[in-house]
Each structure stands twice: as C-alpha cells, then as structure tokens.
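Structure file my_file_22.txt (compact mmCIF, C-alpha atoms and all ligand atoms) follows.
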```txt
# COMPACT_ATOMS: atom_id res chain seq x y z
CA MET A 609 18.98 -13.15 17.25
CA ASN A 610 19.09 -15.67 20.08
CA GLU A 611 15.33 -15.78 20.35
CA SER A 612 13.36 -18.19 18.18
CA ILE A 613 10.69 -16.80 15.88
CA ALA A 614 8.03 -18.45 18.08
CA GLN A 615 9.42 -16.64 21.14
CA ILE A 616 9.45 -13.33 19.29
CA LEU A 617 5.85 -13.78 18.17
CA SER A 618 4.63 -14.79 21.60
CA SER A 619 6.24 -11.75 23.23
CA TYR A 620 3.34 -9.57 22.01
CA ASP A 621 0.07 -9.80 23.93
CA SER A 622 -2.70 -8.96 21.47
CA SER A 623 -5.42 -9.55 24.07
CA ALA A 624 -4.50 -6.54 26.23
CA PRO A 625 -6.99 -3.64 26.05
CA LEU A 626 -5.62 -0.32 24.77
CA SER A 627 -5.18 1.06 28.27
CA GLN A 628 -2.89 -1.84 29.15
CA ALA A 629 -1.38 -2.56 25.75
CA HIS A 630 2.21 -2.31 24.64
CA THR A 631 3.33 -1.75 21.08
CA ILE A 632 4.63 -4.75 19.17
CA PRO A 633 8.18 -5.48 20.35
CA ALA A 634 11.20 -3.75 18.79
CA SER A 635 12.40 -7.08 17.38
CA TRP A 636 9.39 -7.14 15.04
CA TYR A 637 10.78 -4.02 13.34
CA VAL A 638 14.34 -5.21 12.89
CA ASP A 639 14.44 -9.00 12.60
CA PRO A 640 14.72 -10.26 8.98
CA ARG A 641 12.77 -13.41 9.93
CA ILE A 642 9.75 -11.27 10.78
CA ALA A 643 10.18 -9.42 7.46
CA GLU A 644 10.12 -12.77 5.63
CA LEU A 645 7.06 -13.92 7.57
CA GLU A 646 5.33 -10.66 6.62
CA ARG A 647 6.22 -11.17 2.97
CA GLN A 648 4.46 -14.55 3.07
CA ASN A 649 1.60 -13.95 5.45
CA VAL A 650 0.79 -10.27 5.06
CA PHE A 651 1.82 -9.07 1.60
CA GLY A 652 1.30 -12.52 0.06
CA ARG A 653 -2.22 -12.78 1.43
CA THR A 654 -3.85 -9.35 1.51
CA TRP A 655 -5.30 -7.25 -1.31
CA GLN A 656 -2.60 -4.90 -2.51
CA LEU A 657 -2.94 -1.75 -4.58
CA VAL A 658 -1.06 -2.17 -7.87
CA ALA A 659 -2.51 0.39 -10.30
CA ARG A 660 -5.11 3.04 -10.97
CA THR A 661 -8.13 2.16 -13.09
CA ASP A 662 -7.30 5.11 -15.39
CA GLN A 663 -4.09 3.32 -16.40
CA LEU A 664 -6.05 0.30 -17.65
CA LEU A 665 -9.00 1.67 -19.59
CA SER A 666 -8.46 0.24 -23.10
CA PRO A 667 -7.77 -3.27 -24.40
CA GLY A 668 -4.03 -3.95 -24.23
CA ASP A 669 -3.32 -1.40 -21.47
CA PHE A 670 -0.91 -2.95 -18.98
CA VAL A 671 0.91 -2.12 -15.74
CA THR A 672 3.80 -4.12 -14.27
CA THR A 673 4.91 -4.14 -10.66
CA ARG A 674 6.34 -6.35 -7.94
CA LEU A 675 4.44 -7.63 -4.94
CA ALA A 676 6.02 -9.62 -2.11
CA GLY A 677 8.99 -10.26 -4.41
CA GLU A 678 6.76 -11.51 -7.26
CA PRO A 679 6.81 -9.87 -10.71
CA ILE A 680 3.25 -9.03 -11.76
CA VAL A 681 1.48 -7.74 -14.85
CA VAL A 682 -2.08 -6.41 -14.94
CA VAL A 683 -3.67 -6.13 -18.37
CA ARG A 684 -7.02 -5.15 -19.91
CA GLY A 685 -8.11 -7.88 -22.33
CA SER A 686 -9.64 -7.51 -25.80
CA ASP A 687 -12.91 -8.63 -24.17
CA GLY A 688 -12.72 -5.71 -21.72
CA SER A 689 -11.88 -7.91 -18.71
CA LEU A 690 -9.12 -6.95 -16.35
CA ARG A 691 -6.65 -9.76 -15.66
CA ALA A 692 -3.46 -10.13 -13.66
CA PHE A 693 -0.65 -12.64 -14.08
CA TYR A 694 2.72 -13.51 -12.67
CA ASN A 695 5.00 -11.71 -15.11
CA VAL A 696 7.16 -14.78 -15.51
CA CYS A 697 7.67 -16.53 -18.85
CA ARG A 698 6.80 -20.22 -18.83
CA HIS A 699 9.87 -20.95 -20.97
CA HIS A 700 12.87 -19.88 -18.85
CA ALA A 701 11.34 -17.42 -16.38
CA ALA A 702 12.24 -14.07 -17.91
CA ALA A 703 9.89 -11.12 -17.30
CA VAL A 704 7.54 -11.13 -20.29
CA VAL A 705 6.55 -7.47 -20.01
CA THR A 706 9.47 -5.19 -19.20
CA GLN A 707 7.97 -1.68 -19.30
CA PRO A 708 6.28 -0.19 -16.21
CA CYS A 709 3.11 0.56 -18.19
CA GLY A 710 1.89 0.87 -21.77
CA ARG A 711 -0.35 -0.73 -24.39
CA ALA A 712 0.28 -3.94 -26.35
CA GLU A 713 -1.66 -6.25 -28.68
CA ILE A 714 0.33 -9.27 -27.64
CA LEU A 715 2.70 -9.91 -24.73
CA GLN A 716 6.01 -11.06 -26.18
CA CYS A 717 8.87 -12.26 -24.02
CA PRO A 718 12.07 -10.40 -24.92
CA TYR A 719 14.29 -13.43 -24.27
CA HIS A 720 13.31 -16.05 -26.89
CA GLY A 721 10.22 -14.43 -28.31
CA TRP A 722 7.41 -16.52 -26.83
CA LYS A 723 4.07 -14.79 -27.32
CA TYR A 724 1.12 -14.64 -24.95
CA GLY A 725 -2.35 -13.25 -25.61
CA LEU A 726 -3.83 -10.49 -23.45
CA ASP A 727 -5.77 -13.31 -21.75
CA GLY A 728 -2.48 -14.98 -20.79
CA SER A 729 -2.78 -17.89 -23.21
CA LEU A 730 0.40 -19.04 -24.92
CA LYS A 731 0.13 -18.10 -28.59
CA GLY A 732 3.49 -18.92 -30.09
CA MET A 733 6.93 -20.42 -29.41
CA PRO A 734 9.58 -19.87 -32.11
CA GLU A 735 11.65 -22.93 -33.11
CA PHE A 736 9.80 -25.30 -30.82
CA GLU A 737 8.86 -27.95 -33.39
CA GLY A 738 9.62 -31.49 -32.31
CA VAL A 739 9.27 -30.81 -28.58
CA GLN A 740 7.27 -33.70 -27.13
CA ASN A 741 4.80 -33.87 -24.26
CA PHE A 742 4.33 -30.12 -24.28
CA ASP A 743 0.77 -28.88 -23.84
CA ARG A 744 0.49 -25.31 -24.98
CA ALA A 745 -2.83 -24.88 -23.16
CA GLN A 746 -1.10 -25.66 -19.86
CA ASN A 747 1.63 -23.10 -20.44
CA GLY A 748 -0.13 -19.77 -20.35
CA LEU A 749 0.86 -17.05 -17.90
CA VAL A 750 -0.14 -18.01 -14.37
CA PRO A 751 -3.16 -15.94 -13.29
CA ILE A 752 -3.53 -13.88 -10.11
CA ARG A 753 -6.76 -12.53 -8.60
CA VAL A 754 -7.53 -8.94 -9.50
CA GLU A 755 -10.41 -6.67 -8.45
CA THR A 756 -11.16 -2.96 -8.43
CA TRP A 757 -12.61 -0.53 -5.91
CA GLU A 758 -13.24 3.15 -6.68
CA CYS A 759 -10.30 4.27 -8.86
CA PHE A 760 -7.92 1.57 -7.59
CA VAL A 761 -6.82 -1.83 -8.91
CA PHE A 762 -5.88 -4.48 -6.35
CA VAL A 763 -4.39 -7.96 -6.66
CA ASN A 764 -4.12 -10.79 -4.16
CA LEU A 765 -1.57 -13.63 -4.42
CA ASP A 766 -3.67 -15.89 -2.22
CA PRO A 767 -6.21 -17.87 -4.29
CA ASN A 768 -8.21 -18.55 -1.11
CA ALA A 769 -8.40 -15.00 0.24
CA PRO A 770 -11.80 -13.38 0.81
CA SER A 771 -13.05 -11.03 -1.92
CA LEU A 772 -11.76 -7.45 -2.08
CA SER A 773 -15.11 -6.08 -0.88
CA GLU A 774 -15.08 -8.44 2.09
CA PHE A 775 -11.51 -7.41 2.85
CA LEU A 776 -12.32 -3.69 2.70
CA GLY A 777 -15.47 -4.17 4.76
CA GLU A 778 -17.15 -0.97 5.94
CA LEU A 779 -14.41 1.19 4.44
CA ARG A 780 -16.29 1.17 1.13
CA ALA A 781 -19.41 2.76 2.61
CA ARG A 782 -17.33 5.24 4.61
CA VAL A 783 -15.37 6.44 1.57
CA ALA A 784 -18.28 6.44 -0.91
CA PRO A 785 -19.74 9.87 0.06
CA LEU A 786 -16.36 11.53 -0.61
CA GLY A 787 -16.66 10.77 -4.35
CA ILE A 788 -12.96 10.05 -4.80
CA SER A 789 -13.44 8.42 -8.21
CA LYS A 790 -14.40 11.84 -9.60
CA LEU A 791 -10.92 13.17 -8.86
CA HIS A 792 -8.15 13.04 -11.47
CA TYR A 793 -4.63 11.72 -11.06
CA PHE A 794 -2.02 14.49 -11.22
CA ASP A 795 1.41 13.40 -10.01
CA ARG A 796 3.45 10.80 -8.13
CA ARG A 797 6.31 11.08 -5.64
CA SER A 798 8.25 8.11 -4.27
CA TYR A 799 10.49 8.09 -1.22
CA SER A 800 13.03 5.54 -0.03
CA ILE A 801 13.13 5.52 3.76
CA CYS A 802 15.64 3.87 6.09
CA CYS A 803 13.02 2.40 8.40
CA ASN A 804 10.84 -0.65 8.68
CA TRP A 805 7.52 -0.21 6.82
CA LYS A 806 5.63 -0.53 10.12
CA VAL A 807 7.39 2.52 11.57
CA TYR A 808 5.88 4.52 8.73
CA VAL A 809 2.40 3.07 9.38
CA ASP A 810 2.71 3.66 13.15
CA ASN A 811 3.62 7.27 12.50
CA TYR A 812 0.53 7.62 10.32
CA LEU A 813 -1.72 6.00 12.92
CA ASP A 814 -0.81 7.99 16.02
CA GLY A 815 -4.07 9.95 15.90
CA GLY A 816 -2.43 13.28 15.23
CA TYR A 817 -0.23 12.92 18.34
CA HIS A 818 2.83 14.12 16.46
CA VAL A 819 1.13 16.78 14.34
CA PRO A 820 1.53 19.82 16.67
CA HIS A 821 5.15 18.92 17.33
CA LEU A 822 6.38 17.84 13.93
CA HIS A 823 4.10 19.49 11.36
CA LYS A 824 3.65 23.14 12.37
CA GLY A 825 2.22 24.10 8.95
CA LEU A 826 -0.33 21.28 8.82
CA SER A 827 -1.18 21.81 12.47
CA SER A 828 -2.33 25.36 11.70
CA VAL A 829 -5.29 24.10 9.58
CA LEU A 830 -6.46 21.25 11.86
CA ASP A 831 -8.60 21.57 14.97
CA TYR A 832 -6.34 19.19 16.85
CA LYS A 833 -8.46 18.91 20.00
CA GLN A 834 -11.45 17.66 17.95
CA TYR A 835 -9.43 15.01 16.11
CA THR A 836 -11.37 11.71 16.05
CA ILE A 837 -10.17 8.12 15.67
CA GLU A 838 -12.49 5.30 14.58
CA ASN A 839 -11.39 1.68 14.29
CA GLU A 840 -13.42 -0.83 12.33
CA ASP A 841 -12.72 -4.13 10.53
CA ARG A 842 -9.33 -3.63 8.94
CA TYR A 843 -9.39 0.13 8.71
CA CYS A 844 -8.92 3.17 10.88
CA LEU A 845 -10.36 6.58 10.07
CA GLN A 846 -8.68 9.57 11.63
CA SER A 847 -10.53 12.79 10.99
CA SER A 848 -10.31 16.38 12.05
CA PRO A 849 -12.42 19.50 11.55
CA MET A 850 -10.51 22.11 9.58
CA VAL A 851 -9.93 25.73 10.49
CA SER A 852 -8.83 28.46 8.10
CA SER A 853 -5.31 29.65 8.66
CA GLU A 854 -3.10 32.45 7.51
CA GLU A 855 -0.22 31.21 9.61
CA ASP A 856 1.09 29.07 6.76
CA ALA A 857 -0.13 30.50 3.46
CA ALA A 858 0.65 27.51 1.22
CA THR A 859 -0.96 24.99 3.57
CA GLY A 860 -3.96 27.26 4.19
CA ALA A 861 -4.52 27.71 0.45
CA THR A 862 -4.18 24.04 -0.52
CA ARG A 863 -5.72 22.14 2.44
CA LYS A 864 -9.34 23.22 2.63
CA GLY A 865 -12.82 21.94 3.46
CA ASP A 866 -14.88 21.16 6.56
CA ARG A 867 -12.94 18.08 7.52
CA ALA A 868 -9.68 16.29 6.84
CA TRP A 869 -10.16 12.54 6.26
CA TYR A 870 -7.28 10.15 6.83
CA PHE A 871 -8.09 6.50 6.06
CA TRP A 872 -5.73 3.63 6.69
CA GLN A 873 -6.56 0.20 5.32
CA TYR A 874 -4.60 -2.74 6.73
CA PRO A 875 -1.83 -3.33 6.11
CA ASN A 876 -0.20 -0.57 4.07
CA LEU A 877 -2.61 1.76 2.26
CA MET A 878 -3.42 5.30 3.35
CA ILE A 879 -5.93 7.63 1.68
CA ASN A 880 -5.98 11.31 2.63
CA CYS A 881 -8.79 13.61 1.53
CA TYR A 882 -9.47 17.31 1.74
CA GLU A 883 -11.93 19.27 -0.38
CA GLY A 884 -11.14 18.59 -4.07
CA TYR A 885 -7.99 16.73 -3.09
CA MET A 886 -6.76 13.21 -2.39
CA ASP A 887 -3.38 11.64 -1.94
CA THR A 888 -2.74 7.95 -1.46
CA ASN A 889 0.29 6.66 0.41
CA TYR A 890 1.32 3.11 -0.30
CA VAL A 891 4.21 1.75 1.75
CA ILE A 892 6.05 -1.42 0.83
CA PRO A 893 8.92 -3.11 2.63
CA VAL A 894 12.28 -3.43 0.92
CA ASP A 895 13.87 -5.31 3.82
CA ALA A 896 13.57 -5.14 7.60
CA ASP A 897 15.31 -1.74 7.73
CA HIS A 898 14.04 -0.09 4.54
CA CYS A 899 10.79 0.73 2.84
CA THR A 900 9.47 2.70 -0.09
CA VAL A 901 6.43 4.93 0.11
CA THR A 902 4.64 6.14 -2.99
CA PHE A 903 2.38 9.19 -2.94
CA ASP A 904 -0.17 9.63 -5.74
CA PHE A 905 -1.84 13.04 -5.86
CA TYR A 906 -5.33 13.59 -7.26
CA PHE A 907 -7.33 16.81 -7.76
CA SER A 908 -10.85 17.71 -8.82
CA ASP A 909 -9.46 20.00 -11.52
CA VAL A 910 -6.26 19.10 -13.37
CA SER A 911 -6.67 21.63 -16.19
CA GLU A 912 -3.65 23.67 -17.27
CA ALA A 913 -5.10 26.71 -15.48
CA ARG A 914 -4.83 24.84 -12.16
CA ARG A 915 -1.34 23.44 -12.72
CA ALA A 916 0.48 25.99 -10.55
CA PHE A 917 -2.00 25.52 -7.69
CA ASN A 918 -1.83 21.73 -7.89
CA THR A 919 1.96 21.79 -8.01
CA GLU A 920 2.04 23.93 -4.89
CA SER A 921 -0.33 21.49 -3.21
CA VAL A 922 2.01 18.59 -4.04
CA GLU A 923 4.87 20.61 -2.54
CA VAL A 924 2.93 21.07 0.71
CA GLY A 925 2.50 17.28 0.82
CA ASN A 926 6.17 16.85 0.08
CA ARG A 927 7.16 19.09 2.99
CA VAL A 928 4.97 17.15 5.46
CA GLN A 929 6.50 13.95 4.12
CA ASP A 930 10.05 15.24 4.67
CA GLU A 931 9.17 15.99 8.28
CA ASP A 932 7.81 12.45 8.74
CA LEU A 933 10.73 10.83 6.97
CA GLY A 934 13.36 12.21 9.34
CA ILE A 935 11.52 11.08 12.45
CA CYS A 936 10.83 7.60 11.03
CA GLU A 937 14.54 7.03 10.38
CA ASP A 938 15.30 8.24 13.88
CA VAL A 939 12.77 5.78 15.35
CA GLN A 940 14.32 2.89 13.40
CA ARG A 941 17.70 3.67 15.02
CA GLY A 942 16.03 3.82 18.44
CA LEU A 943 14.30 0.48 17.92
CA LYS A 944 17.72 -1.13 17.56
CA SER A 945 18.95 0.29 20.84
CA ARG A 946 19.45 -2.06 23.78
CA ALA A 947 17.60 0.61 25.78
CA TYR A 948 14.26 -0.09 24.08
CA GLY A 949 11.95 -3.11 24.13
CA ALA A 950 8.39 -1.90 23.49
CA GLY A 951 6.36 1.23 24.27
CA ARG A 952 2.95 2.13 25.70
CA LEU A 953 0.09 3.70 23.76
CA SER A 954 -1.91 6.88 24.38
CA VAL A 955 -5.56 5.91 24.93
CA ARG A 956 -6.71 9.27 23.52
CA ARG A 957 -4.55 9.13 20.39
CA GLU A 958 -3.09 5.74 19.53
CA ALA A 959 -6.03 3.35 19.06
CA GLY A 960 -5.18 3.03 15.34
CA GLU A 961 -1.72 1.67 16.12
CA HIS A 962 -3.28 -0.79 18.53
CA LEU A 963 -5.60 -2.08 15.77
CA PHE A 964 -2.67 -2.35 13.34
CA HIS A 965 -0.54 -4.32 15.77
CA ARG A 966 -3.35 -6.75 16.60
CA LEU A 967 -4.22 -7.39 12.94
CA LEU A 968 -0.56 -7.93 12.14
CA ALA A 969 -0.05 -10.29 15.06
CA ALA A 970 -3.04 -12.37 13.94
CA ASP A 971 -1.64 -12.68 10.39
CA LEU A 972 1.91 -13.52 11.50
CA LYS A 973 0.66 -16.31 13.71
CA LYS A 974 -1.02 -18.05 10.76
CA ALA A 975 0.84 -20.80 8.94
CA PRO A 976 2.79 -19.55 5.88
CA LEU A 977 1.11 -19.79 2.51
CA PRO A 978 2.03 -22.92 0.53
CA ALA A 979 4.16 -22.19 -2.54
CA THR A 980 2.30 -21.64 -5.82
CA ALA A 981 3.55 -24.28 -8.20
CA ALA A 982 2.89 -23.82 -11.89
CA ALA A 983 3.69 -27.23 -13.26
CA ASP A 984 3.32 -28.34 -16.84
S1 LIG B 1001 12.28 -17.02 -21.24
FE1 LIG B 1001 10.63 -16.19 -22.32
S2 LIG B 1001 10.89 -16.93 -24.30
FE2 LIG B 1001 12.51 -17.86 -23.22
FE FE B 1002 3.18 13.04 9.97
```

Entire entry expressed as structure tokens:
Amino acid sequence: MNESIAQILSSYDSSAPLSQAHTIPASWYVDPRIAELERQNVFGRTWQLVARTDQLLSPGDFVTTRLAGEPIVVVRGSDGSLRAFYNVCRHHAAAVVTQPCGRAEILQCPYHGWKYGLDGSLKGMPEFEGVQNFDRAQNGLVPIRVETWECFVFVNLDPNAPSLSEFLGELRARVAPLGISKLHYFDRRSYSICCNWKVYVDNYLDGGYHVPHLHKGLSSVLDYKQYTIENEDRYCLQSSPMVSSEEDAATGATRKGDRAWYFWQYPNLMINCYEGYMDTNYVIPVDADHCTVTFDFYFSDVSEARRAFNTESVEVGNRVQDEDLGICEDVQRGLKSRAYGAGRLSVRREAGEHLFHRLLAADLKKAPLPATAAAD
C-alpha cells in the first residue's frame, strides 16, 4: 500500500501490442482503492444488466437490485413505459420497494408510508400538513436511465453515458442471428467466490486455454484447435466448432449444435449459447477480494416434458462452474504473493484478456463521476 493510486495506474502499459503485453498488475486485483475507482468509473458508468424483460411485462411489474452500491428499482408504468429509479425514499432514505420482484399499483415506503406512483411521482405523505417550502413535484423518486436489448434490461447510473446500442456496438448484429429472445428463462444459480471480479473475467477470456486442463467434460465436445477469438468494440467473441462426444454423456447430451458461442461484453456480462440453450453469467464485485456471479439458464423448450433434460443441463453448467471457481480462488491467493507482479499473455489464446485490460485501464484513468445530488 506504499504506492499511490496514480503510480499503480501508470504501472500498466496499455499501448503494448499483444505480443509484448503484460496483464494488468497484481495490485489492481487486490487494492481496495482500485475497487473503489471501479465502482465509480466502471460500474457507475457502464450499462449494467439488472433484469430480464419477461420479469417486467405488465404495468406494475418491478425488480429491485443494487448496482455499484446503489439501491435500484425498475418498474413497468401504467402507460407501458419501463422506468428505473434509485430505490431511496425522498423522506428519510429508506428503500421504498423491499421485495426482489413483484407487481404493485403504487410504490409505498414501509417506513412512514410515503406513496409514489409507478412513474416515480410522489403521490402522498401521511401527516405532512403544515410543512412549508416543500414542493411535492420535486420530491419524486430520482430517475435512472434504462434501456432494453434482446431479452435483457440494462440501467446506467451515468446520465451522460452513450446509449445502450452505442455501448453494445457490433455485438447486437453478431448476436441477432442466434435468436436468443426466443429462448425461455428456466433457472438461476448464484455463486459467491473469494476472488476479485476481474479474475473471473480473465478466466472466461483466456480463449479456451484452460479448457483441456480444467474442464475435461466440456473439452470433449469442443474442437479446441479450431477455437476462434474475435475482439471488437467492447466485446469479445470466443467460438468453437462442436464435435459429438460419448466421452462425457451428460455434456454430450446437453451441449449440442454446430458451434459454441461465448460472448463477453465489457465489463462483466457473458452470454454462452449452444443449440437451443443460453446461459448468462453476470459477475459483480463485492469487495477487492470477493465477487458474486449469477448464472441464468434459458432453453428453447421449458415444458414439463423437458424439465429433467433442462435440469441435467443446468447441472452440467454447475459442474463447469465448480471447476472454474476453485481455480479463481487459487489465482486470487497467488496474486497476493510477493512472488508475482504481472504475467504475459498467449498471442494465440489471450487476446480477449488483452482487450479487457485495455478497456479497464482507459476507464480507470478517467476522472471519477461527480456525485448525483437530488436536492429539494
Ligand atoms: S423514509 Fe420513506 S416514508 Fe419515511
Ligand atoms: Fe472455465
């Protein structure tokens, strides 16, 4: 901790080509000051996945979550519009909506009963007669930008950020032919991992480098030598032709198709597709040494007749995840060792990590976002 934050940031050279590049330094994975800078400059400024569109179909449908430490509620209005707000009561700051999801006609704070409309406007304040210089119109829930893409709902805490479609760039055209919005949500698994969130992303972006060593089952259905890695804008697509396998029956039965598609969108969203199958992995930091990753599983057929098959497919995903989890925690311990400073990157495999590290470095070097002040 003797180094200043400026010294830590300048110790990464983002101009080096892949063949000469190092990873970001170990300090970036363990220093709480970097974690705080990321909270402000990365998670506070990028479009973040907060819900599925199928959770917010009807007026009054809501989802609550936290993003970069901020409580958030997303709600479908009576007029059909999707809106997002800071889930913070304008009276004394309690969370107005306390359930993770549901449907409501009015948003009522559980503390002193203030009521807000689905459009965020303040509708009622019990026992508030006689209060002077209080403008109800100025005391609605504070809005946040919200947009959708395919079956996903995103919010952005930065009022000046580019639009979601600008942020996603070419990813939209690349994903469109896969028809992911036709799939149906089936199940969710969440994992708490003792590693920095970037260790998880690095592991995802190593171009299949670890697959033959760590994931024997998955490896049996991928044509590893033909694995491709494409970097563009803020996304990386890793893809592999598939081969049929009897080596691992469960993996062979549940991971099918011509190709496996693994999309990563900066900074923390991963979308994995096989034929009739998608899972999304969304990793969020807890602190410098811990993160949570949420897997949502989708299938083309979620009828009762397919339940056993889909459940088995989720279990295959779960097994791969367990293999990744152990190695990520191991890496976090290694990053704290005095023996390690930074590593080199495989030109054949690790271009995705290189893109990630450069995008991150660019964001961390920006000035922090000014505080959002909701004043009366
Ligand atoms: S804090 Fe919400 S009504 Fe008082
Ligand atoms: Fe893995």

Can I get the residues of chain A within 9 Å of ligand LIG 1001 (chain B), each with the closest pair of atoms and their distance in Å to one decimal, using only C-alpha atoms and all ligand atoms, sorted chain first then ascending number, as a tab-separated table?
```
residue	atom	partner	partner_atom	distance
A:Val696	CA	B:LIG1001	FE1	7.8
A:Cys697	CA	B:LIG1001	FE1	4.6
A:Arg698	CA	B:LIG1001	FE1	6.6
A:His699	CA	B:LIG1001	S1	4.6
A:His700	CA	B:LIG1001	S1	3.8
A:Ala701	CA	B:LIG1001	S1	5.0
A:Ala702	CA	B:LIG1001	S1	4.4
A:Ala703	CA	B:LIG1001	FE1	7.2
A:Val704	CA	B:LIG1001	FE1	6.3
A:Gln716	CA	B:LIG1001	S2	7.9
A:Cys717	CA	B:LIG1001	FE1	4.6
A:Pro718	CA	B:LIG1001	FE1	6.5
A:Tyr719	CA	B:LIG1001	S2	4.9
A:His720	CA	B:LIG1001	S2	3.7
A:Gly721	CA	B:LIG1001	S2	4.8
A:Trp722	CA	B:LIG1001	S2	4.3
A:Lys723	CA	B:LIG1001	S2	7.8
A:Met733	CA	B:LIG1001	S2	7.3
A:Pro734	CA	B:LIG1001	S2	8.4
```

Task: Option closest in space to ligand FE 1002 (chain B), from A:Asp810, A:Asp866, A:Leu968, A:Phe905 [counting only C-alpha atoms and all ligand atoms] - done: A:Asp810

Given all atoms listed in the file, how would the per-residue table for segment 732-788 of chain A near segment 834-854 of chain A read, listing every residue at most 9 Å away with its closest atom pair and distance in Å to one decimal, sorted by chain and number, as CSV?
```
residue,atom,partner,partner_atom,distance
A:Phe775,CA,A:Arg842,CA,7.5
A:Leu776,CA,A:Arg842,CA,6.9
A:Gly777,CA,A:Asp841,CA,6.4
A:Glu778,CA,A:Asp841,CA,7.1
A:Leu779,CA,A:Tyr843,CA,6.7
A:Arg782,CA,A:Leu845,CA,9.0
```

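If one restricts the calculation to only C-alpha atoms and all ligand atoms, the set of residues situated within 8 Å of ligand FE 1002 (chain B) consists of A:Asn811, A:Tyr812, A:Gly816, A:His818, A:Val819, A:Leu822, A:His823, A:Val928, A:Gln929, A:Glu931, A:Asp932.
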
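Atom CA of Ala959 of chain A is found 26.2 Å from atom CA of Asp904 of chain A.
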
Task: From A:Asp639, A:Glu855, A:Asp971, A:Asp743, residue lying nearest Arg653 of chain A [only C-alpha atoms] - done: A:Asp971

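Rounded to one decimal, atom CA of Glu646 of chain A and atom CA of Ser612 of chain A lie 16.0 Å from each other.
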
- [ ] Could you please give me, as an MDAnalysis selection string, the residues of protein, DNA or RNA lying at most 12 Å from (-0.4, -1.4, -6.1) in the coordinate frame of the file, considering only C-alpha atoms?
- [x] chainID A and resid 651 654:661 663 671:676 680:682 692 754:756 759:764 876:878 888:892 901:904

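With all atoms listed in the file taken into account, every residue lying no more than 10 Å from the file point (11.0, -17.1, 14.5) is included here: Met609, Asn610, Glu611, Ser612, Ile613, Ala614, Gln615, Ile616, Leu617, Ser618, Asp639, Pro640, Arg641, Ile642, Glu644 and Leu645 of chain A.
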
Keeping C-alpha atoms, export the residues of the selection given above as a compact mmCIF listing (two decimals), keeping the file's coordinate frame.
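selection_34.txt was written with the following content:
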```
# COMPACT_ATOMS: atom_id res chain seq x y z
CA MET A 609 18.98 -13.15 17.25
CA ASN A 610 19.09 -15.67 20.08
CA GLU A 611 15.33 -15.78 20.35
CA SER A 612 13.36 -18.19 18.18
CA ILE A 613 10.69 -16.80 15.88
CA ALA A 614 8.03 -18.45 18.08
CA GLN A 615 9.42 -16.64 21.14
CA ILE A 616 9.45 -13.33 19.29
CA LEU A 617 5.85 -13.78 18.17
CA SER A 618 4.63 -14.79 21.60
CA ASP A 639 14.44 -9.00 12.60
CA PRO A 640 14.72 -10.26 8.98
CA ARG A 641 12.77 -13.41 9.93
CA ILE A 642 9.75 -11.27 10.78
CA GLU A 644 10.12 -12.77 5.63
CA LEU A 645 7.06 -13.92 7.57
```

Open item on the list: Using only C-alpha atoms, can you tell me which of A:Thr706, A:Thr859, A:Ser619, A:Ser798 comes closest to Ser828 of chain A?
Closed with: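 Nearest to Ser828 of chain A: A:Thr859.
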